[in-house]
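Pasted below: target29.pdb, PDB, C-alpha atoms.
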```pdb
ATOM      1  CA  MET L   1      11.214 -28.188   8.747
ATOM      2  CA  GLY L   2       7.633 -29.467   8.531
ATOM      3  CA  LEU L   3       6.709 -27.697  11.749
ATOM      4  CA  ALA L   4       8.206 -24.435  10.432
ATOM      5  CA  LEU L   5       6.050 -24.746   7.315
ATOM      6  CA  ILE L   6       2.934 -25.282   9.458
ATOM      7  CA  ALA L   7       3.883 -22.252  11.592
ATOM      8  CA  VAL L   8       4.266 -20.067   8.479
ATOM      9  CA  ALA L   9       0.934 -21.285   7.071
ATOM     10  CA  LEU L  10      -0.834 -20.581  10.389
ATOM     11  CA  LEU L  11       0.742 -17.126  10.740
ATOM     12  CA  ILE L  12      -0.266 -16.040   7.235
ATOM     13  CA  GLY L  13      -3.623 -17.851   7.181
ATOM     14  CA  LEU L  14      -4.870 -16.715  10.584
ATOM     15  CA  GLY L  15      -3.590 -13.183   9.946
ATOM     16  CA  ALA L  16      -5.546 -13.030   6.695
ATOM     17  CA  LEU L  17      -8.623 -14.543   8.355
ATOM     18  CA  GLY L  18      -8.570 -12.041  11.227
ATOM     19  CA  THR L  19      -8.143  -9.094   8.871
ATOM     20  CA  ALA L  20     -10.909 -10.412   6.609
ATOM     21  CA  ILE L  21     -13.380 -10.746   9.506
ATOM     22  CA  GLY L  22     -12.502  -7.250  10.753
ATOM     23  CA  PHE L  23     -12.905  -5.716   7.310
ATOM     24  CA  ALA L  24     -16.159  -7.544   6.662
ATOM     25  CA  LEU L  25     -17.608  -6.131   9.894
ATOM     26  CA  LEU L  26     -16.289  -2.638   9.111
ATOM     27  CA  GLY L  27     -17.545  -2.738   5.510
ATOM     28  CA  GLY L  28     -20.982  -3.946   6.586
ATOM     29  CA  LYS L  29     -21.279  -1.159   9.155
ATOM     30  CA  LEU L  30     -20.157   1.422   6.567
ATOM     31  CA  LEU L  31     -22.902   0.352   4.156
ATOM     32  CA  GLU L  32     -25.466   0.259   6.964
ATOM     33  CA  GLY L  33     -24.448   3.697   8.227
ATOM     34  CA  SER L  34     -24.414   5.191   4.717
ATOM     35  CA  ALA L  35     -27.900   3.816   4.036
ATOM     36  CA  ARG L  36     -29.301   5.160   7.324
ATOM     37  CA  GLN L  37     -27.722   8.614   7.142
ATOM     38  CA  PRO L  38     -26.371   9.358   3.654
ATOM     39  CA  GLU L  39     -25.103  12.809   4.710
ATOM     40  CA  LEU L  40     -22.639  11.132   7.113
ATOM     41  CA  ALA L  41     -21.164   8.808   4.458
ATOM     42  CA  PRO L  42     -17.985  10.877   3.785
ATOM     43  CA  MET L  43     -17.269  11.190   7.502
ATOM     44  CA  LEU L  44     -17.788   7.453   7.996
ATOM     45  CA  GLN L  45     -15.380   6.773   5.119
ATOM     46  CA  GLY L  46     -12.671   8.861   6.794
ATOM     47  CA  LYS L  47     -13.208   7.197  10.170
ATOM     48  CA  MET L  48     -13.189   3.731   8.607
ATOM     49  CA  PHE L  49      -9.890   4.545   6.871
ATOM     50  CA  LEU L  50      -8.324   5.424  10.245
ATOM     51  CA  ILE L  51      -9.584   2.274  11.963
ATOM     52  CA  ALA L  52      -8.571   0.096   8.992
ATOM     53  CA  GLY L  53      -4.971   1.321   9.393
ATOM     54  CA  LEU L  54      -4.907   0.070  12.992
ATOM     55  CA  LEU L  55      -6.888  -3.100  12.298
ATOM     56  CA  ASP L  56      -4.245  -4.717  10.119
ATOM     57  CA  ALA L  57      -1.089  -3.559  11.927
ATOM     58  CA  VAL L  58      -0.753  -6.658  14.113
ATOM     59  CA  PRO L  59      -1.618  -9.281  11.431
ATOM     60  CA  MET L  60       0.957  -7.618   9.151
ATOM     61  CA  ILE L  61       3.631  -8.075  11.822
ATOM     62  CA  GLY L  62       2.553 -11.742  11.880
ATOM     63  CA  VAL L  63       3.066 -11.921   8.125
ATOM     64  CA  GLY L  64       6.497 -10.304   8.572
ATOM     65  CA  ILE L  65       7.454 -12.896  11.211
ATOM     66  CA  ALA L  66       6.254 -15.653   8.847
ATOM     67  CA  MET L  67       8.547 -14.305   6.124
ATOM     68  CA  TYR L  68      11.388 -14.154   8.678
ATOM     69  CA  VAL L  69      10.858 -17.834   9.556
ATOM     70  CA  LEU L  70      10.645 -18.749   5.874
ATOM     71  CA  PHE L  71      13.718 -16.863   4.651
ATOM     72  CA  VAL L  72      16.026 -16.545   7.691
ATOM     73  CA  VAL L  73      15.257 -19.195  10.343
ATOM     74  CA  VAL L  74      14.750 -22.069   7.874
ATOM     75  CA  PRO L  75      16.263 -20.760   4.614
ATOM     76  CA  GLY L  76      16.072 -24.156   2.875
ATOM     77  CA  LEU L  77      12.285 -23.969   3.042
ATOM     78  CA  ALA L  78      11.780 -21.128   0.526
TER      79      ALA L  78
ATOM     80  CA  MET K   1      -3.514  26.205 -13.144
ATOM     81  CA  ARG K   2      -5.117  24.761 -10.011
ATOM     82  CA  ARG K   3      -7.618  21.938 -10.304
ATOM     83  CA  PRO K   4     -11.117  22.913  -9.081
ATOM     84  CA  ARG K   5     -12.022  21.422  -5.691
ATOM     85  CA  THR K   6     -14.374  18.448  -5.717
ATOM     86  CA  ALA K   7     -16.476  16.808  -2.975
ATOM     87  CA  LEU K   8     -13.741  14.184  -2.641
ATOM     88  CA  ASP K   9     -11.203  16.859  -1.678
ATOM     89  CA  ASN K  10     -13.352  17.862   1.296
ATOM     90  CA  ILE K  11     -13.219  14.432   2.938
ATOM     91  CA  ARG K  12      -9.788  13.243   1.831
ATOM     92  CA  PRO K  13      -7.039  13.907   4.401
ATOM     93  CA  PRO K  14      -3.833  15.461   2.996
ATOM     94  CA  LEU K  15      -2.410  12.036   2.156
ATOM     95  CA  THR K  16       0.559  13.168   0.038
ATOM     96  CA  LYS K  17       1.717  15.540   2.775
ATOM     97  CA  VAL K  18       1.352  12.856   5.470
ATOM     98  CA  TYR K  19       3.319  10.233   3.504
ATOM     99  CA  LEU K  20       6.036  12.727   2.531
ATOM    100  CA  LEU K  21       6.352  13.826   6.159
ATOM    101  CA  GLN K  22       6.609  10.208   7.285
ATOM    102  CA  SER K  23       9.331   9.501   4.696
ATOM    103  CA  LEU K  24      11.216  12.599   5.845
ATOM    104  CA  ILE K  25      11.004  11.538   9.514
ATOM    105  CA  LEU K  26      12.274   8.061   8.567
ATOM    106  CA  LEU K  27      15.198   9.494   6.597
ATOM    107  CA  LEU K  28      16.128  11.789   9.499
ATOM    108  CA  ALA K  29      15.882   8.980  12.074
ATOM    109  CA  SER K  30      17.957   6.722   9.877
ATOM    110  CA  ALA K  31      20.582   9.467   9.349
ATOM    111  CA  ILE K  32      20.801   9.931  13.124
ATOM    112  CA  VAL K  33      21.362   6.188  13.696
ATOM    113  CA  VAL K  34      23.975   5.728  10.888
ATOM    114  CA  PRO K  35      27.050   6.806  12.966
ATOM    115  CA  PHE K  36      26.175   4.306  15.736
ATOM    116  CA  ASP K  37      25.069   1.267  13.729
ATOM    117  CA  SER K  38      24.644   1.262   9.958
ATOM    118  CA  VAL K  39      22.769  -2.093   9.917
ATOM    119  CA  SER K  40      20.132  -0.732  12.305
ATOM    120  CA  ALA K  41      19.934   2.469  10.239
ATOM    121  CA  TYR K  42      19.002   0.757   6.977
ATOM    122  CA  SER K  43      16.786  -1.772   8.806
ATOM    123  CA  LEU K  44      14.875   1.192  10.268
ATOM    124  CA  LEU K  45      14.535   2.818   6.854
ATOM    125  CA  ILE K  46      13.377  -0.397   5.137
ATOM    126  CA  GLY K  47      10.845  -1.267   7.883
ATOM    127  CA  GLY K  48       9.372   2.228   7.784
ATOM    128  CA  MET K  49       9.230   2.419   3.991
ATOM    129  CA  ILE K  50       7.389  -0.943   3.802
ATOM    130  CA  SER K  51       4.659   0.625   5.945
ATOM    131  CA  VAL K  52       4.585   3.948   4.030
ATOM    132  CA  VAL K  53       4.394   2.391   0.546
ATOM    133  CA  SER K  54       1.752  -0.215   1.439
ATOM    134  CA  ASN K  55      -0.376   2.365   3.300
ATOM    135  CA  ALA K  56      -0.113   4.792   0.384
ATOM    136  CA  TYR K  57      -1.484   2.107  -1.983
ATOM    137  CA  PHE K  58      -4.320   1.376   0.473
ATOM    138  CA  ALA K  59      -5.194   5.076   0.797
ATOM    139  CA  ARG K  60      -5.223   5.475  -2.988
ATOM    140  CA  GLN K  61      -7.723   2.634  -3.359
ATOM    141  CA  VAL K  62      -9.932   3.856  -0.485
ATOM    142  CA  PHE K  63     -10.289   7.467  -1.642
ATOM    143  CA  LYS K  64     -11.019   6.754  -5.307
ATOM    144  CA  TYR K  65     -14.733   7.275  -4.640
ATOM    145  CA  ALA K  66     -16.804   9.092  -2.007
ATOM    146  CA  GLY K  67     -20.395   9.712  -0.993
ATOM    147  CA  ALA K  68     -23.444   7.678  -0.057
ATOM    148  CA  LEU K  69     -24.356   6.981  -3.702
ATOM    149  CA  ARG K  70     -20.939   5.374  -4.244
ATOM    150  CA  ALA K  71     -20.949   3.396  -0.948
ATOM    151  CA  ARG K  72     -20.607   0.096  -2.830
ATOM    152  CA  GLU K  73     -17.555   1.343  -4.729
ATOM    153  CA  VAL K  74     -16.071   2.760  -1.522
ATOM    154  CA  GLU K  75     -16.503  -0.602   0.220
ATOM    155  CA  ARG K  76     -15.027  -2.439  -2.782
ATOM    156  CA  GLY K  77     -12.093  -0.011  -2.702
ATOM    157  CA  PHE K  78     -11.486  -0.914   0.956
ATOM    158  CA  TYR K  79     -11.459  -4.646   0.189
ATOM    159  CA  LYS K  80      -9.249  -4.231  -2.897
ATOM    160  CA  GLY K  81      -6.864  -1.913  -1.053
ATOM    161  CA  GLU K  82      -6.570  -4.256   1.916
ATOM    162  CA  ALA K  83      -5.931  -7.323  -0.256
ATOM    163  CA  GLY K  84      -3.297  -5.410  -2.235
ATOM    164  CA  LYS K  85      -1.698  -4.131   0.973
ATOM    165  CA  PHE K  86      -1.546  -7.641   2.450
ATOM    166  CA  VAL K  87       0.168  -9.041  -0.644
ATOM    167  CA  ALA K  88       2.486  -6.020  -0.942
ATOM    168  CA  VAL K  89       3.637  -6.274   2.703
ATOM    169  CA  MET K  90       4.218 -10.020   2.294
ATOM    170  CA  CYS K  91       6.296  -9.462  -0.866
ATOM    171  CA  PHE K  92       8.283  -6.568   0.652
ATOM    172  CA  PHE K  93       9.190  -8.574   3.773
ATOM    173  CA  ALA K  94      10.052 -11.631   1.649
ATOM    174  CA  VAL K  95      12.317  -9.607  -0.668
ATOM    175  CA  THR K  96      13.930  -7.863   2.334
ATOM    176  CA  PHE K  97      14.739 -11.099   4.163
ATOM    177  CA  ALA K  98      15.885 -12.832   0.976
ATOM    178  CA  LEU K  99      18.143 -10.063  -0.345
ATOM    179  CA  VAL K 100      19.221  -7.789   2.528
ATOM    180  CA  LYS K 101      21.872  -9.397   4.728
ATOM    181  CA  PRO K 102      22.738  -8.668   7.508
ATOM    182  CA  ILE K 103      19.556  -7.115   8.908
ATOM    183  CA  ASN K 104      18.408  -6.129  12.396
ATOM    184  CA  VAL K 105      15.005  -7.840  12.595
ATOM    185  CA  MET K 106      13.849  -6.183  15.826
ATOM    186  CA  VAL K 107      14.543  -2.699  14.441
ATOM    187  CA  LEU K 108      12.807  -3.631  11.164
ATOM    188  CA  PHE K 109       9.590  -4.750  12.896
ATOM    189  CA  ALA K 110       9.691  -1.901  15.428
ATOM    190  CA  ALA K 111      10.083   0.652  12.614
ATOM    191  CA  TYR K 112       7.185  -0.960  10.707
ATOM    192  CA  LEU K 113       4.874  -0.868  13.736
ATOM    193  CA  LEU K 114       5.856   2.656  14.807
ATOM    194  CA  THR K 115       5.432   4.039  11.273
ATOM    195  CA  THR K 116       1.967   2.461  11.060
ATOM    196  CA  LEU K 117       0.994   4.042  14.397
ATOM    197  CA  LEU K 118       2.525   7.371  13.333
ATOM    198  CA  ASN K 119       0.464   7.199  10.128
ATOM    199  CA  THR K 120      -2.777   6.823  12.094
ATOM    200  CA  GLY K 121      -1.737   9.550  14.536
ATOM    201  CA  LEU K 122      -0.880  12.027  11.781
ATOM    202  CA  LEU K 123      -4.099  11.331   9.875
ATOM    203  CA  ALA K 124      -6.198  11.669  13.037
ATOM    204  CA  GLY K 125      -4.364  14.919  13.857
ATOM    205  CA  THR K 126      -4.997  16.458  10.435
ATOM    206  CA  LYS K 127      -8.673  15.447  10.557
ATOM    207  CA  ARG K 128      -9.137  17.067  13.965
ATOM    208  CA  LYS K 129      -7.494  20.295  12.760
ATOM    209  CA  SER K 130      -9.781  20.666   9.699
TER     210      SER K 130
END
```

Is it possible to express this structure as structure tokens?
Amino acid sequence: MGLALIAVALLIGLGALGTAIGFALLGGKLLEGSARQPELAPMLQGKMFLIAGLLDAVPMIGVGIAMYVLFVVVPGLA
Amino acid sequence: MRRPRTALDNIRPPLTKVYLLQSLILLLASAIVVPFDSVSAYSLLIGGMISVVSNAYFARQVFKYAGALRAREVERGFYKGEAGKFVAVMCFFAVTFALVKPINVMVLFAAYLLTTLLNTGLLAGTKRKS
């Protein structure tokens, strides 16, 4: 039961960390790009939106698996 | 009376259309699967709808502002949208696993992943067309 709890914490924590690093890099580049070429800012926003959708797909599956472990594999944990 | 077009309308993809189309595709796919396996059918629908609803919230936060002068607000919208999406997905999966029994987990995750990829594909397609 303890190991399951650690697994859930790692799945959610590392998923959030990965997404946060990815978004920080993307956000920084968006600001940099908008400052360099302000006329491209709307286009950069659209492109960033597309990439952001792909960026968090895998961590979200990790979060889903964590919820599966928490509520189905070890139901006494939740 | 139609609302006058703003600068935001020029960069925003047709989000409502994309999310409605995705929901329609999910409903159709689920209706096709129902005669074979009803558990897989509602697992497919739930997995897909988790993706559609959370992505719709994210899109709403991202396209609140636009333009180089509002770059800070745009970036803040991205962060807020992503945090909200993360929490929403976690809650949706938790509620699904706690309340919906029996459920086909593989179909649920596959539907979630495929709907997310379909979302990106549709948005990229509409952007290329315009």

>> Which residues would end up in the selection if the PyMOL selection byres ((chain K) within 7 of (chain L)) were applied here, given that I need the answer as number ranges by chain?
In response: K: 11, 66-68, 71, 75, 90, 93-94, 97-98, 109, 113, 116, 120

Listed atoms of stretch 88-92 of chain K boxed along x, y and z, 6 Å each side, centre and edge lengths in Å, one decimal, as lines of an AutoDock Vina configuration file:
```
center_x = 5.4
center_y = -8.0
center_z = 0.9
size_x = 17.8
size_y = 16.0
size_z = 15.6
```

>> Would you pick out the contacts of stretch 12-23 of chain K at 10 Å or less, using all atoms listed in the file, so that residues sharing its chain but fewer than 2 positions from it are not included, and give the list as a ChimeraX atom specification?
In response: /L:42-43,45-46 /K:7-10,25-29,45,48-49,51-53,55-56,59-60,62-64,66,115-116,118-120,122-127,130

> So what do you get for atom CA of K:Thr96 versus atom CA of K:Tyr79, distance-wise?
Replying inline: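 Computed distance, atom CA of K:Thr96 to atom CA of K:Tyr79, equals 25.7 Å.
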
>> Between atom CA of K:Phe58 and atom CA of K:Pro102, what is the distance in Å, rounded to a tenth?
In response: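 Between atom CA of K:Phe58 and atom CA of K:Pro102 the gap is 29.7 Å.
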
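The interatomic distance for the pair atom CA of K:Val105 and atom CA of L:Ile21 works out to 28.7 Å.
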
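Closest approach to K:Asn104 from the set K:Val39, K:Val34, K:Leu24, K:Val74 is made by K:Val39, with distances taken over all atoms listed in the file.
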
>> Can you pull out the residues contacting L:Met1? Cut-off 9 Å, using only C-alpha atoms, and skip same-chain residues under 4 positions away; I want them as a VMD selection string.
In response: chain L and resid 5 to 6 74 76 to 77

> In terms of the shortest atom-to-atom distance over all atoms listed in the file, which of K:Ala31, K:Leu108, K:Leu114, K:Leu69 is closest to K:Phe92?
Replying inline: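 With all atoms listed in the file as the atom set, the closest residue is K:Leu108.
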
>> Which residues are close to K:Met106, i.e. within 10 Å by only C-alpha atoms, leaving aside same-chain residues fewer than 5 positions away? Reply as an MDAnalysis selection string.
In response: chainID K and resid 40 43:44 47 111:112
